[in-house]
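Here's the structure, in structure tokens; my notes come after.
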Amino acid sequence: MHVIKVEKAVEMIPDGATIMIGGFLGVGTPRVVIDEMIKQKKFNLTVIGNDTAFPNSGIGKLIVSKLVKKIIVSHIGTNPETQKQMIEKAIDVELVPQGTLVERIRAGGVGLGGVLTPTGIGTVVAEGKQIFKINDAEYLLELPIKADFAIINAKKADCNGNLVYSLTARNFNPIMAMAAETVIAEVDEILPIGTIPPDDIHTPGIFVDYIVRVR
Amino acid sequence: MHVIKVEKAVEMIPDGATIMIGGFLGVGTPRVVIDEMIKQKKFNLTVIGNDTAFPNSGIGKLIVSKLVKKIIVSHIGTNPETQKQMIEKAIDVELVPQGTLVERIRAGGVGLGGVLTPTGIGTVVAEGKQIFKINDAEYLLELPIKADFAIINAKKADCNGNLVYSLTARNFNPIMAMAAETVIAEVDEILPIGTIPPDDIHTPGIFVDYIVRVR
Amino acid sequence: MIEMDAKVLIAKRVAQELKDGDLVNLGIGIPTLVADYIPQNVKVLFQSENGIIGMGPIPEEGLEHPDLTNAGANYVSAIPGAVCFDSAMSFGIIRGGHLDVTVLGGLQIDEEGHLANRMVPGKIIPGMGGAMDLVTGAKRVIIAMTHTSKGEPKIVKNCTLPLTSIRRISLIVTEMAVIEPTQGGLVLKEIAPGLTVEDVLKVTEAKLKISSDLKIMKIEGM
Amino acid sequence: MIEMDAKVLIAKRVAQELKDGDLVNLGIGIPTLVADYIPQNVKVLFQSENGIIGMGPIPEEGLEHPDLTNAGANYVSAIPGAVCFDSAMSFGIIRGGHLDVTVLGGLQIDEEGHLANRMVPGKIIPGMGGAMDLVTGAKRVIIAMTHTSKGEPKIVKNCTLPLTSIRRISLIVTEMAVIEPTQGGLVLKEIAPGLTVEDVLKVTEAKLKISSDLKIMKIEGM
């Protein structure tokens with residue numbers, strides 16, 4: 001794990017990268033890294049996240065800045081700009097049920113080839129997917145998602161990169177931390193090693209490549 | 001969640017029940033409940049756990065007491081008594097790779113119909129199982145496991161049943177807590193509500209039906 | 001009879017469905033109002049799919065925490081004994097059958113009790129969020145919605161909007177009626193005070209069976 | 001030449017394979033010894049599949065903690081910055097490719113580099129524990145084992161014991177040789193000091209290709 005300036009962190013991200021971004025309607029989304037991505041104009045991104053938040057927050061800001069060519073999210077209902085770009089075919093939107101989305105990301109992170117979920121059976125979500133009948137119940141095969149980068153937000157880190165999240169800002173962050181080639185964590189503070197007890201750590205530091213401290 | 005005497009907790013378990021028992025070679029196994037199960041002679045149990053520990057510890061004690069008719073575990077190498085009963089066909093042993101075992105239990109708990117894992121492909125583990133080829137890699141379909149009871153061990157609880165585990169005694173306990181009809185947690189102490197911060201709780205109390213305090 | 005806002009009436013009636021000890025997830029809109037009308041002798045825990053059990057009411061001004069919100073990104077509080085977790089755990093709880101009740105809004109419900117609560121196809125589809133998992137996984141799915149939309153029936157023969165799930169929902173509560181979807185069809189169980197069965201049938205496209213034990217909704221304040 | 005215990009020699013040679021920053025899982029037996037010989041300028045983190053990263057050495061008497069053990073149920077310590085987690089996370093790390101190196105013992109390895117490290121069929125099969133996941137998921141799989149068992153070759157044409165995985169392992173280290181399984185077969189890369197290639201071939205059933213860059217194992221203290 002390396003501590004890095006936000007400018008350097010974002011310089012590593014090439015145009016066209018596939019990026020997971022933590023957060024739920026902007027809560028738990030790494031704000032400083034997002035702002036720097038906009039400053040450095042990272043184009044043609046594929047973004048995986050729960051939602052596109054609002055035009056002025058979270059992933060929504062990347063959408064408004066027209067940096068995203070494709071998103072994989074559970075809804076875009078809070079961001080009219082995403083809806084507008086979707087209608088204009090300026091952005092490709094893949095909608096995934098929220099529980100399925102997080103399991104697909106987890107599967108990517110923990111080396112599973114897929115999971116079977118009952119969610120979406122008999123709906124548009126099932127279109128084009130394999131259906132399995134197990135003990136009279138039907139399930140969809142949902143495939144793993146991985147990314148080049150995961151940009152996540154945590155409350156604090158220690159010098160080993162071990163992370164602790166805060167309240168409902170945890171959401172997708174710990175799951176995405178497992179599923180990307182390079183993981184950049186934006187944190188409020190970096191504490192000395194040994195000051196966070198082993199049982200209180202949410203994400204082991206081995207998943208974290210770079211830390212950007214923003215306070 | 002109800003706090004209950006160990007005698008009452010074990011009285012709820014019928015002969016022939018399917019029981020998940022937390023622990024890894026006895027570490028993190030609920031010892032007091034196990035001893036009471038032996039005292040009350042619960043017969044014909046199906047036990048799901050990581051291993052059968054040693055003859056004088058953990059699940060091993062149930063084996064020695066001849067209370068178990070079937071076990072689903074990742075190994076029995078540390079318990080000669082299990083091996084002896086297996087040869088004598090007194091016990092039915094289903095061996096499952098450890099990572100697959102925990103994912104199957106998790107799948108049972110979180111409502112998945114199964115998971116695809118690369119582990120076991122090309123080995124005896126694959127016998128009789130469906131194989132899926134996804135992007136040139138092969139995976140086994142592994143099905144969920146659920147149980148009538150999960151008997152788990154935690155360090156502490158609060159009065160809502162929220163649980164915190166200790167160090168490597170955590171292991172299978174939080175996963176099993178999600179996958180059984182009735183969950184009995186053996187804990188060292190029960191703390192007032194609000195004294196364990198929301199971010200430090202490992203298992204939400206909603207999973208826990210009964211708590212046995214043993215200190 | 002005292003007039004009552006339709007939404008309040010629905011929320012009050014839904015609140016009566018909650019049992020002591022229930023773990024409850026409330027959707028956005030009318031369902032959110034349910035929290036205000038839980039009977040005093042009933043203690044429930046609120047789950048929010050963004051990762052909390054033990055969600056409390058809107059905090060006093062100045063006590064908001066930027067990391068403590070509900071699934072609509074509004075500030076909430078946490079009751080003592082609350083627990084936070086990641087989205088995998090949150091939907092494990094939902095899909096795994098550990099949630100006792102979800103109360104959701106609805107756009108259409110068909111004769112088989114199937115819910116459609118997403119937007120009109122051809123127009124904007126804002127996405128299913130967590131609704132598909134909630135309807136698929138919760139032990140009870142209660143739909144809290146107005147009986148009609150701009151005069152048009154929402155309880156219909158067949159949904160024209162995309163289905164949220166093929167799981168039959170457990171109960172429909174509107175400002176006019178309480179309807180229980182069963183294997184044999186939709187059963188009218190209660191009607192609002194002052195209404196006749198005819199009033200309900202007139203604005204319901206789906207076929208309703210009238211319960212032999214039809215009751216008048218009992219709502220405090222009416 | 002100073003004589004050295006075969007197990008120590010193997011452990012010392014394996015230790016040279018570890019890189020600064022590696023996350024390492026050591027199996028029971030010879031692999032456990034590797035921890036004692038990590039080069040001073042190399043800092044690695046030890047993972048144990050029962051749920052810890054940052055496992056430290058056996059604690060001083062009186063400092064054992066009943067809840068802090070390795071995968072063999074022996075007391076261990078935790079270094080500052082250690083983290084504990086459940087078995088789903090532990091095997092997520094292993095199967096998900098986040099573990100840099102696993103060092104395991106072996107009973108047989110075939111010409112294609114497939115490992116068998118479980119007991120003889122017909123006799124007792126004690127179970128695979130975490131070995132199948134480790135061999136399937138770790139970035140590098142290093143087998144640390146004696147070259148023969150009671151004089152019988154362990155590096156064989158075909159395994160007679162059940163395979164642990166069809167994943168080709170990365171490296172074999174014995175007290176006689178370092179052998180790298182490749183797509184083209186097993187390549188003899190190093191031999192122990194004082195041995196000839198003939199000595200190695202004599203006790204190896206599988207066909208070995210001799211590396212054009214064959215070296216003598218460099219072991220401190222020999």
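As shown in the structure tokens, the chain order sets the letters A, B, ...; within each chain, residues go from 1, and ligands are also counted from 1 in the order they appear.
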task = List every residue of segment 55-162 of chain B that DSSP, applied to the backbone of this structure, assigns to helix (DSSP H, G or I), and report them as a PyMOL selection string.
result = chain B and resi 59-64+80-87+98-110+124-126
message = as an MDAnalysis selection string, could you give me every residue of chain C near chain B (at most 12 Å apart, counting only C-alpha atoms)?
response = chainID C and resid 21:24 44:47 51:55 67:68 77:100 133:134 136:138
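Atom CA of Ile152 of chain B is found 15.1 Å from atom CA of Lys5 of chain B.
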Interface rows for chain B against chain A: nearest pair, Å to one decimal, 6 Å, only C-alpha atoms, as a tab-separated table:
residue	atom	partner	partner_atom	distance
B:Leu112	CA	A:Thr117	CA	4.9
B:Gly113	CA	A:Leu116	CA	4.9
B:Gly114	CA	A:Leu116	CA	5.2
B:Val115	CA	A:Val115	CA	4.4
B:Leu116	CA	A:Gly113	CA	4.9
B:Thr117	CA	A:Leu112	CA	4.9
B:Asp200	CA	A:Asp200	CA	5.7
Can you write out the residues you just picked, keeping all heavy atoms, as an mmCIF file, in the first residue's frame?
data_model
loop_
_atom_site.group_PDB
_atom_site.id
_atom_site.type_symbol
_atom_site.label_atom_id
_atom_site.label_comp_id
_atom_site.auth_asym_id
_atom_site.auth_seq_id
_atom_site.Cartn_x
_atom_site.Cartn_y
_atom_site.Cartn_z
ATOM 1 N N LEU B 112 -29.262 -17.515 -2.203
ATOM 2 C CA LEU B 112 -28.794 -17.869 -3.540
ATOM 3 C C LEU B 112 -29.102 -19.338 -3.802
ATOM 4 O O LEU B 112 -29.096 -20.158 -2.878
ATOM 5 C CB LEU B 112 -27.285 -17.628 -3.671
ATOM 6 C CG LEU B 112 -26.827 -16.176 -3.522
ATOM 7 C CD1 LEU B 112 -25.297 -16.100 -3.550
ATOM 8 C CD2 LEU B 112 -27.411 -15.298 -4.632
ATOM 9 N N GLY B 113 -29.345 -19.667 -5.071
ATOM 10 C CA GLY B 113 -29.646 -21.044 -5.432
ATOM 11 C C GLY B 113 -28.414 -21.896 -5.618
ATOM 12 O O GLY B 113 -28.495 -23.111 -5.781
ATOM 13 N N GLY B 114 -27.248 -21.271 -5.580
ATOM 14 C CA GLY B 114 -25.992 -21.988 -5.735
ATOM 15 C C GLY B 114 -24.909 -21.038 -6.191
ATOM 16 O O GLY B 114 -25.180 -19.872 -6.489
ATOM 17 N N VAL B 115 -23.689 -21.551 -6.187
ATOM 18 C CA VAL B 115 -22.556 -20.755 -6.680
ATOM 19 C C VAL B 115 -21.723 -21.629 -7.598
ATOM 20 O O VAL B 115 -21.724 -22.846 -7.492
ATOM 21 C CB VAL B 115 -21.667 -20.224 -5.526
ATOM 22 C CG1 VAL B 115 -22.447 -19.263 -4.644
ATOM 23 C CG2 VAL B 115 -21.086 -21.359 -4.694
ATOM 24 N N LEU B 116 -20.989 -20.964 -8.502
ATOM 25 C CA LEU B 116 -20.063 -21.665 -9.383
ATOM 26 C C LEU B 116 -18.646 -21.446 -8.870
ATOM 27 O O LEU B 116 -18.209 -20.307 -8.718
ATOM 28 C CB LEU B 116 -20.172 -21.129 -10.809
ATOM 29 C CG LEU B 116 -21.540 -21.222 -11.482
ATOM 30 C CD1 LEU B 116 -21.433 -20.752 -12.943
ATOM 31 C CD2 LEU B 116 -22.083 -22.639 -11.424
ATOM 32 N N THR B 117 -17.949 -22.553 -8.594
ATOM 33 C CA THR B 117 -16.580 -22.424 -8.100
ATOM 34 C C THR B 117 -15.623 -23.239 -8.962
ATOM 35 O O THR B 117 -15.991 -24.314 -9.450
ATOM 36 C CB THR B 117 -16.467 -22.878 -6.627
ATOM 37 O OG1 THR B 117 -15.088 -22.782 -6.221
ATOM 38 C CG2 THR B 117 -16.922 -24.308 -6.424
ATOM 39 N N ASP B 200 -18.939 -1.843 14.590
ATOM 40 C CA ASP B 200 -18.089 -2.884 15.185
ATOM 41 C C ASP B 200 -18.794 -4.223 15.324
ATOM 42 O O ASP B 200 -18.192 -5.203 15.762
ATOM 43 C CB ASP B 200 -17.621 -2.450 16.584
ATOM 44 C CG ASP B 200 -16.661 -1.276 16.520
ATOM 45 O OD1 ASP B 200 -16.285 -0.879 15.402
ATOM 46 O OD2 ASP B 200 -16.304 -0.749 17.589
#
What are the nearest atom pairs, with distances in Å to one decimal, for all residues of segment 91-193 of chain B that come at most 9 Å from segment 8-24 of chain B, using only C-alpha atoms, set out by chain and rising residue number as a Markdown table?
| residue | atom | partner | partner_atom | distance |
| --- | --- | --- | --- | --- |
| B:Lys146 | CA | B:Met20 | CA | 8.3 |
| B:Ala147 | CA | B:Thr18 | CA | 5.2 |
| B:Asp148 | CA | B:Thr18 | CA | 5.3 |
| B:Phe149 | CA | B:Ile19 | CA | 4.7 |
| B:Ala150 | CA | B:Met20 | CA | 4.5 |
| B:Ile151 | CA | B:Ile21 | CA | 5.0 |
| B:Ile152 | CA | B:Gly22 | CA | 4.9 |
| B:Asn153 | CA | B:Gly22 | CA | 6.6 |
| B:Thr168 | CA | B:Phe24 | CA | 8.4 |
| B:Ala169 | CA | B:Gly23 | CA | 6.5 |
| B:Arg170 | CA | B:Gly23 | CA | 7.5 |
| B:Asn171 | CA | B:Gly23 | CA | 6.3 |
| B:Phe172 | CA | B:Gly22 | CA | 5.3 |
| B:Asn173 | CA | B:Gly22 | CA | 4.7 |
| B:Pro174 | CA | B:Gly22 | CA | 8.4 |
| B:Ile175 | CA | B:Gly22 | CA | 8.8 |
| B:Met176 | CA | B:Met20 | CA | 6.5 |
| B:Ala177 | CA | B:Met20 | CA | 8.8 |
| B:Ala179 | CA | B:Met20 | CA | 8.5 |
| B:Ala180 | CA | B:Met20 | CA | 7.6 |
| B:Ile184 | CA | B:Ala9 | CA | 7.4 |
task = Give me the residues within 10 Å of Gly194 of chain C as number ranges by chain, counting only C-alpha atoms and dropping any in the same chain fewer than 5 places off.
result = C: 1, 176, 199, 216-217
key: Selection: 9 Å around Thr78 of chain B, only C-alpha atoms, excl. self and same-chain fewer than 2 positions, as a VMD selection string   = (chain B and resid 25 51 to 55 75 to 76 80 82) or (chain D and resid 126)
